[in-house]
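Here is coords_6.cif, consisting of mmCIF, C-alpha atoms:
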```cif
data_query
#
loop_
_atom_site.label_atom_id
_atom_site.label_comp_id
_atom_site.auth_asym_id
_atom_site.auth_seq_id
_atom_site.Cartn_x
_atom_site.Cartn_y
_atom_site.Cartn_z
CA MET A 30 13.44 12.82 7.50
CA THR A 31 15.55 9.68 7.69
CA GLU A 32 15.44 9.14 3.92
CA VAL A 33 16.42 12.73 3.11
CA ALA A 34 19.21 12.83 5.71
CA ALA A 35 20.62 9.48 4.56
CA ASP A 36 20.75 10.50 0.89
CA PRO A 37 21.73 14.17 0.71
CA ALA A 38 21.35 16.04 -2.53
CA GLY A 39 24.31 18.27 -1.69
CA ASP A 40 27.64 17.93 0.05
CA ALA A 41 26.24 17.49 3.55
CA PRO A 42 23.10 15.83 4.91
CA MET A 43 20.26 18.09 6.01
CA GLU A 44 19.65 18.09 9.75
CA PHE A 45 16.24 18.37 11.39
CA THR A 46 14.67 19.55 14.60
CA VAL A 47 11.03 19.28 15.70
CA LEU A 48 8.91 21.58 17.83
CA ARG A 49 5.53 20.18 18.85
CA VAL A 50 2.86 22.89 18.78
CA PRO A 51 -0.21 22.22 20.93
CA PHE A 52 -3.53 21.85 19.12
CA PHE A 53 -6.88 20.86 20.62
CA LEU A 54 -9.20 18.57 18.68
CA GLU A 55 -11.81 19.04 21.41
CA PRO A 56 -11.14 22.45 22.97
CA ASP A 57 -14.43 22.40 24.88
CA TYR A 58 -13.71 19.20 26.81
CA PRO A 59 -13.67 19.85 30.58
CA GLU A 60 -10.14 19.64 31.99
CA GLY A 61 -10.97 17.48 35.00
CA PRO A 62 -10.13 13.77 34.96
CA GLU A 63 -13.74 12.84 35.65
CA PHE A 64 -14.81 13.64 32.06
CA GLU A 65 -14.14 11.07 29.38
CA GLU A 66 -15.66 9.48 26.30
CA THR A 67 -14.37 6.83 23.95
CA ASN A 68 -12.80 7.92 20.70
CA ARG A 69 -15.37 5.83 18.84
CA VAL A 70 -18.20 7.89 20.35
CA ARG A 71 -16.32 11.12 19.64
CA LEU A 72 -15.74 10.32 15.98
CA VAL A 73 -19.27 9.11 15.29
CA ARG A 74 -20.52 12.36 16.83
CA LYS A 75 -18.00 14.46 14.88
CA TRP A 76 -18.98 12.96 11.52
CA GLY A 77 -22.71 13.16 12.06
CA GLY A 78 -23.39 9.49 12.74
CA GLN A 79 -22.07 6.04 11.89
CA GLU A 80 -22.56 6.46 8.13
CA GLY A 81 -20.49 9.63 8.05
CA TRP A 82 -17.77 8.05 10.15
CA ASP A 83 -17.62 4.97 7.90
CA ALA A 84 -17.23 7.23 4.85
CA GLN A 85 -14.41 9.15 6.53
CA LYS A 86 -12.58 5.93 7.39
CA ALA A 87 -12.83 4.77 3.78
CA ARG A 88 -11.43 8.07 2.47
CA HIS A 89 -8.43 8.27 4.77
CA ASP A 90 -7.42 4.64 5.38
CA LEU A 91 -5.62 5.56 8.59
CA LYS A 92 -5.29 1.90 9.56
CA GLY A 93 -3.45 1.19 6.32
CA ARG A 94 -1.18 4.18 6.79
CA GLY A 95 -0.47 3.14 10.36
CA ARG A 96 0.51 -0.37 9.30
CA ALA A 97 2.84 1.11 6.68
CA VAL A 98 4.89 2.70 9.48
CA GLY A 99 4.71 -0.23 11.89
CA ILE A 100 1.54 0.56 13.89
CA GLU A 101 -0.53 -2.60 13.71
CA HIS A 102 -3.42 -1.50 15.87
CA PHE A 103 -5.16 1.76 16.73
CA ASN A 104 -7.40 1.43 19.76
CA LEU A 105 -10.66 2.92 18.51
CA ASP A 106 -12.15 2.73 22.00
CA ARG A 107 -9.26 4.61 23.61
CA VAL A 108 -10.39 7.13 26.17
CA ALA A 109 -10.56 10.69 24.86
CA SER A 110 -10.05 13.53 27.33
CA ASN A 111 -8.88 17.12 27.61
CA THR A 112 -5.21 17.38 26.58
CA VAL A 113 -4.10 20.64 28.21
CA ALA A 114 -1.99 18.81 30.80
CA SER A 115 -0.17 16.66 28.26
CA HIS A 116 0.55 19.65 26.03
CA ARG A 117 1.89 21.63 28.98
CA LEU A 118 4.13 18.72 29.93
CA VAL A 119 5.55 18.29 26.42
CA GLN A 120 6.56 21.96 26.40
CA TRP A 121 8.09 21.72 29.88
CA VAL A 122 10.19 18.70 28.92
CA THR A 123 11.26 20.50 25.73
CA LYS A 124 12.49 23.46 27.77
CA THR A 125 14.13 21.48 30.56
CA LEU A 126 15.47 18.35 28.84
CA GLY A 127 15.54 19.27 25.16
CA ILE A 128 14.00 18.35 21.83
CA ASN A 129 15.06 14.70 21.77
CA ALA A 130 13.75 13.97 25.25
CA ALA A 131 10.46 15.64 24.36
CA GLU A 132 10.19 13.62 21.15
CA THR A 133 10.79 10.38 23.01
CA MET A 134 8.15 11.25 25.59
CA TYR A 135 5.74 12.36 22.87
CA ALA A 136 6.15 9.02 21.08
CA ASN A 137 5.68 7.12 24.33
CA LEU A 138 2.51 9.04 25.15
CA ASN A 139 1.18 8.42 21.65
CA LYS A 140 1.64 4.69 22.12
CA LYS A 141 0.03 4.82 25.54
CA HIS A 142 -2.97 6.63 24.09
CA PHE A 143 -3.48 5.43 20.53
CA GLU A 144 -2.52 1.80 21.06
CA ASP A 145 -3.00 1.11 24.78
CA GLY A 146 -6.04 3.36 25.22
CA CYS A 147 -4.76 5.49 28.13
CA LYS A 148 -6.15 8.94 28.89
CA LEU A 149 -3.88 11.86 28.10
CA ASN A 150 -4.83 13.75 31.25
CA ASP A 151 -4.11 10.89 33.65
CA ARG A 152 -1.64 12.26 36.19
CA GLU A 153 0.30 9.05 36.75
CA THR A 154 0.60 8.35 33.02
CA LEU A 155 2.02 11.83 32.46
CA LEU A 156 4.32 11.64 35.45
CA GLU A 157 5.78 8.27 34.45
CA ALA A 158 6.26 9.51 30.87
CA ALA A 159 8.27 12.51 32.09
CA VAL A 160 10.36 10.49 34.54
CA GLY A 161 10.97 7.94 31.79
CA VAL A 162 12.94 10.49 29.75
CA GLY A 163 14.97 11.79 32.67
CA ALA A 164 12.78 14.34 34.43
CA ASP A 165 13.05 14.69 38.20
CA ARG A 166 9.93 13.08 39.68
CA GLU A 167 9.23 15.80 42.23
CA ALA A 168 9.79 18.62 39.74
CA ALA A 169 7.58 16.93 37.14
CA ALA A 170 4.83 16.29 39.69
CA ALA A 171 4.95 19.92 40.85
CA PHE A 172 4.67 21.13 37.26
CA ILE A 173 1.75 18.82 36.44
CA ASP A 174 -0.09 19.85 39.60
CA ASP A 175 0.34 23.59 38.94
CA LYS A 176 -2.51 24.03 36.46
CA ASP A 177 -1.32 27.50 35.45
CA ALA A 178 2.29 26.53 34.70
CA GLY A 179 2.94 26.84 30.98
CA ARG A 180 -0.66 27.79 30.24
CA SER A 181 0.04 31.27 28.90
CA GLU A 182 2.45 29.84 26.31
CA ILE A 183 -0.17 27.30 25.21
CA GLU A 184 -2.72 30.08 24.82
CA ALA A 185 -0.25 32.20 22.83
CA ALA A 186 0.32 29.29 20.45
CA GLN A 187 -3.44 28.89 19.98
CA ARG A 188 -3.77 32.53 19.00
CA MET A 189 -1.00 32.15 16.46
CA LEU A 190 -2.56 28.98 15.01
CA ARG A 191 -5.83 30.84 14.50
CA LYS A 192 -3.99 33.77 12.93
CA ILE A 193 -2.33 31.61 10.27
CA GLY A 194 -5.46 29.55 9.66
CA VAL A 195 -4.48 26.14 11.04
CA SER A 196 -7.71 24.28 11.83
CA GLY A 197 -6.64 20.63 11.78
CA ILE A 198 -3.79 18.25 12.48
CA PRO A 199 -1.29 17.14 11.59
CA THR A 200 -0.13 20.36 9.93
CA LEU A 201 3.59 20.69 9.23
CA LEU A 202 5.21 24.13 9.19
CA LEU A 203 8.73 23.87 7.82
CA GLY A 204 11.33 26.35 8.98
CA GLY A 205 8.87 29.21 9.32
CA LYS A 206 8.50 29.30 5.53
CA TYR A 207 6.32 26.45 4.27
CA GLN A 208 2.92 25.29 5.48
CA LEU A 209 1.88 21.85 4.25
CA PRO A 210 -1.78 20.83 3.87
CA SER A 211 -3.42 19.57 7.04
CA GLY A 212 -4.01 15.85 7.36
CA ALA A 213 -2.08 12.60 7.34
CA LEU A 214 0.23 13.04 4.37
CA HIS A 215 1.94 10.15 2.60
CA SER A 216 5.67 9.72 3.10
CA ASP A 217 6.35 10.64 -0.53
CA ASP A 218 4.68 14.03 0.02
CA LEU A 219 6.93 14.71 3.00
CA VAL A 220 10.08 13.68 1.17
CA ARG A 221 9.24 16.07 -1.68
CA ALA A 222 8.65 18.91 0.76
CA PHE A 223 11.92 18.23 2.57
CA ARG A 224 13.79 18.08 -0.75
CA THR A 225 12.37 21.50 -1.66
CA VAL A 226 13.72 22.94 1.58
CA GLU A 227 17.04 21.17 1.03
CA ALA A 228 17.38 22.60 -2.49
CA GLU A 229 16.88 26.11 -1.13
CA GLY A 230 19.63 25.71 1.44
CA GLY A 231 17.45 24.83 4.42
CA ALA A 232 15.03 26.74 6.61
CA THR A 233 15.90 27.43 10.23
CA ASP A 234 13.23 29.79 11.54
CA SER A 235 10.30 28.83 13.75
CA LEU A 236 6.92 30.53 13.89
CA PHE A 237 6.19 29.21 17.38
CA ALA A 238 9.42 29.06 19.40
CA ASP A 239 9.04 32.55 20.86
CA ALA A 240 5.34 32.09 21.67
CA LEU A 241 6.08 28.82 23.45
CA GLY A 242 9.13 30.21 25.25
CA ILE A 243 11.57 27.80 23.60
CA SER A 244 15.12 29.12 23.51
CA ARG A 245 17.29 29.38 20.42
CA GLU A 246 19.74 26.97 22.05
CA THR A 247 17.02 24.35 22.40
CA MET A 248 15.87 24.87 18.82
CA ALA A 249 19.45 24.31 17.64
CA GLU A 250 19.34 20.72 18.91
CA THR A 251 19.38 18.18 16.08
CA ILE A 252 16.82 15.41 16.21
CA GLN A 253 18.29 11.93 16.49
CA LEU A 254 17.01 9.93 13.54
CA PRO A 255 16.83 6.10 13.42
#
```
Could I get this structure in the form of C-alpha cells?
Amino acid sequence: MTEVAADPAGDAPMEFTVLRVPFFLEPDYPEGPEFEETNRVRLVRKWGGQEGWDAQKARHDLKGRGRAVGIEHFNLDRVASNTVASHRLVQWVTKTLGINAAETMYANLNKKHFEDGCKLNDRETLLEAAVGVGADREAAAAFIDDKDAGRSEIEAAQRMLRKIGVSGIPTLLLGGKYQLPSGALHSDDLVRAFRTVEAEGGATDSLFADALGISRETMAETIQLP
C-alpha cells in the first residue's frame, strides 16, 4: 500500500482502508482459557506428522518472508487457543475507535502472539491491547466479559466466507470486486493487484461491512500508512 500511495499512476495517490474479517483456523477449539496447545503441535498434527510439516515449511518459507518485512522471529511454540474473543474485540474497537485504532491493536496483538507467544484468548492481554489504543478500560472489560457481544456479526461473516469459498488465510478481497488467492503473497503480487484497482479508478465497496455492522462513516476512514 505504501509503495502504491507514494508513487501514484494518476493525478492523486490512491487511499486505502482495511477491514479485518474474522476467520478461524481451528473453529473446533473450545473457547475456555483452560484449553491450549502449542502451535508446533498444531501444525505437525495439521500436516499429518513431522515430515509433512517440514515439507510445508520448505514450500512456503514463512521465516524468510517474515524477515523481509522486519519480523526476525516467529515463536513456533506460541500458545494456540480459540480466537473468538480477540475477533470480537477487533470488531468492537473498529466500531468504537475506528479503523486506524483497530489496525494498531491488531498489529500489537499479532506481535504479542506470533513473536512473544501469548494466547489470543487471554483476558488481560486483550484488555491491555484495547486500552493501549484508547479504549475505556471498564467498557472494554465489560465487552470482553459479555461472551455474546458481537457474536452474531462474527457468525454472519463466517456464513459469508463460506458462501464465497474462502477456506484459508490470508485472503485479500479488494473493494468488493477482486478476490486474491489465499496464502502469504509476495509484495510484488500485492502491488500489481493494487495497481489494477488504481487503473480502474479504485474500488470502494466492502463485502463484509454490513455483516459486521461497520458503518459507512467508519469505512470512509483512510488508513495511516508509514
Evaluate the PyMOL selection byres ((chain A and resi 53) around 12) and report residues as a count of residues only: 28
Picked residues, the PyMOL selection byres ((chain A and resi 38) around 12), expected as a ChimeraX atom specification: /A:32-37,39-43,223-231
Preceding selection exported with C-alpha atoms as an mmCIF file, in the frame of the given file:
```cif
data_model
loop_
_atom_site.group_PDB
_atom_site.id
_atom_site.type_symbol
_atom_site.label_atom_id
_atom_site.label_comp_id
_atom_site.auth_asym_id
_atom_site.auth_seq_id
_atom_site.Cartn_x
_atom_site.Cartn_y
_atom_site.Cartn_z
ATOM 1 C CA GLU A 32 15.440 9.140 3.920
ATOM 2 C CA VAL A 33 16.420 12.730 3.110
ATOM 3 C CA ALA A 34 19.210 12.830 5.710
ATOM 4 C CA ALA A 35 20.620 9.480 4.560
ATOM 5 C CA ASP A 36 20.750 10.500 0.890
ATOM 6 C CA PRO A 37 21.730 14.170 0.710
ATOM 7 C CA GLY A 39 24.310 18.270 -1.690
ATOM 8 C CA ASP A 40 27.640 17.930 0.050
ATOM 9 C CA ALA A 41 26.240 17.490 3.550
ATOM 10 C CA PRO A 42 23.100 15.830 4.910
ATOM 11 C CA MET A 43 20.260 18.090 6.010
ATOM 12 C CA PHE A 223 11.920 18.230 2.570
ATOM 13 C CA ARG A 224 13.790 18.080 -0.750
ATOM 14 C CA THR A 225 12.370 21.500 -1.660
ATOM 15 C CA VAL A 226 13.720 22.940 1.580
ATOM 16 C CA GLU A 227 17.040 21.170 1.030
ATOM 17 C CA ALA A 228 17.380 22.600 -2.490
ATOM 18 C CA GLU A 229 16.880 26.110 -1.130
ATOM 19 C CA GLY A 230 19.630 25.710 1.440
ATOM 20 C CA GLY A 231 17.450 24.830 4.420
#
```
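When all atoms listed in the file are used to compute distances to Ile193 (chain A), the closest of the residues A:Gly205, A:Gly99, A:Gly146, A:Gly242 turns out to be A:Gly205.
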Could you expand the PyMOL selection byres ((chain A and resi 158-168) around 9) into the explicit residues it covers here, written as a compact mmCIF listing (two decimals) with C-alpha atoms, in the frame of the given file?
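Contents of out.txt, as written:
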```txt
# COMPACT_ATOMS: atom_id res chain seq x y z
CA LEU A 118 4.13 18.72 29.93
CA VAL A 119 5.55 18.29 26.42
CA VAL A 122 10.19 18.70 28.92
CA THR A 125 14.13 21.48 30.56
CA LEU A 126 15.47 18.35 28.84
CA ALA A 130 13.75 13.97 25.25
CA ALA A 131 10.46 15.64 24.36
CA THR A 133 10.79 10.38 23.01
CA MET A 134 8.15 11.25 25.59
CA TYR A 135 5.74 12.36 22.87
CA ASN A 137 5.68 7.12 24.33
CA LEU A 138 2.51 9.04 25.15
CA GLU A 153 0.30 9.05 36.75
CA THR A 154 0.60 8.35 33.02
CA LEU A 155 2.02 11.83 32.46
CA LEU A 156 4.32 11.64 35.45
CA GLU A 157 5.78 8.27 34.45
CA ALA A 169 7.58 16.93 37.14
CA ALA A 170 4.83 16.29 39.69
CA ALA A 171 4.95 19.92 40.85
CA PHE A 172 4.67 21.13 37.26
CA ILE A 173 1.75 18.82 36.44
```
Point (12.0, 19.7, 24.1), cut-off 9 Å, counting all atoms listed in the file, residues as a PyMOL selection string: chain A and resi 47-49+119-132+243+247-248
Gap from CA of Val108 (chain A) to CA of Asn139 (chain A) - Å, one decimal: 12.5 Å
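What separates CA of Arg107 (chain A) from CA of Glu65 (chain A) is a distance of 9.9 Å.
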Test item: residues at most 9 Å from Asn68 (chain A), only C-alpha atoms, excluding those fewer than 2 positions along its chain, as a list in words: Glu66, Val70, Arg71, Leu72, Val73, Asn104, Leu105, Asp106, Arg107, Val108 and Ala109 of chain A
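Taking CA of Phe103 (chain A) and CA of Arg117 (chain A) as the two end points, the separation is 24.4 Å.
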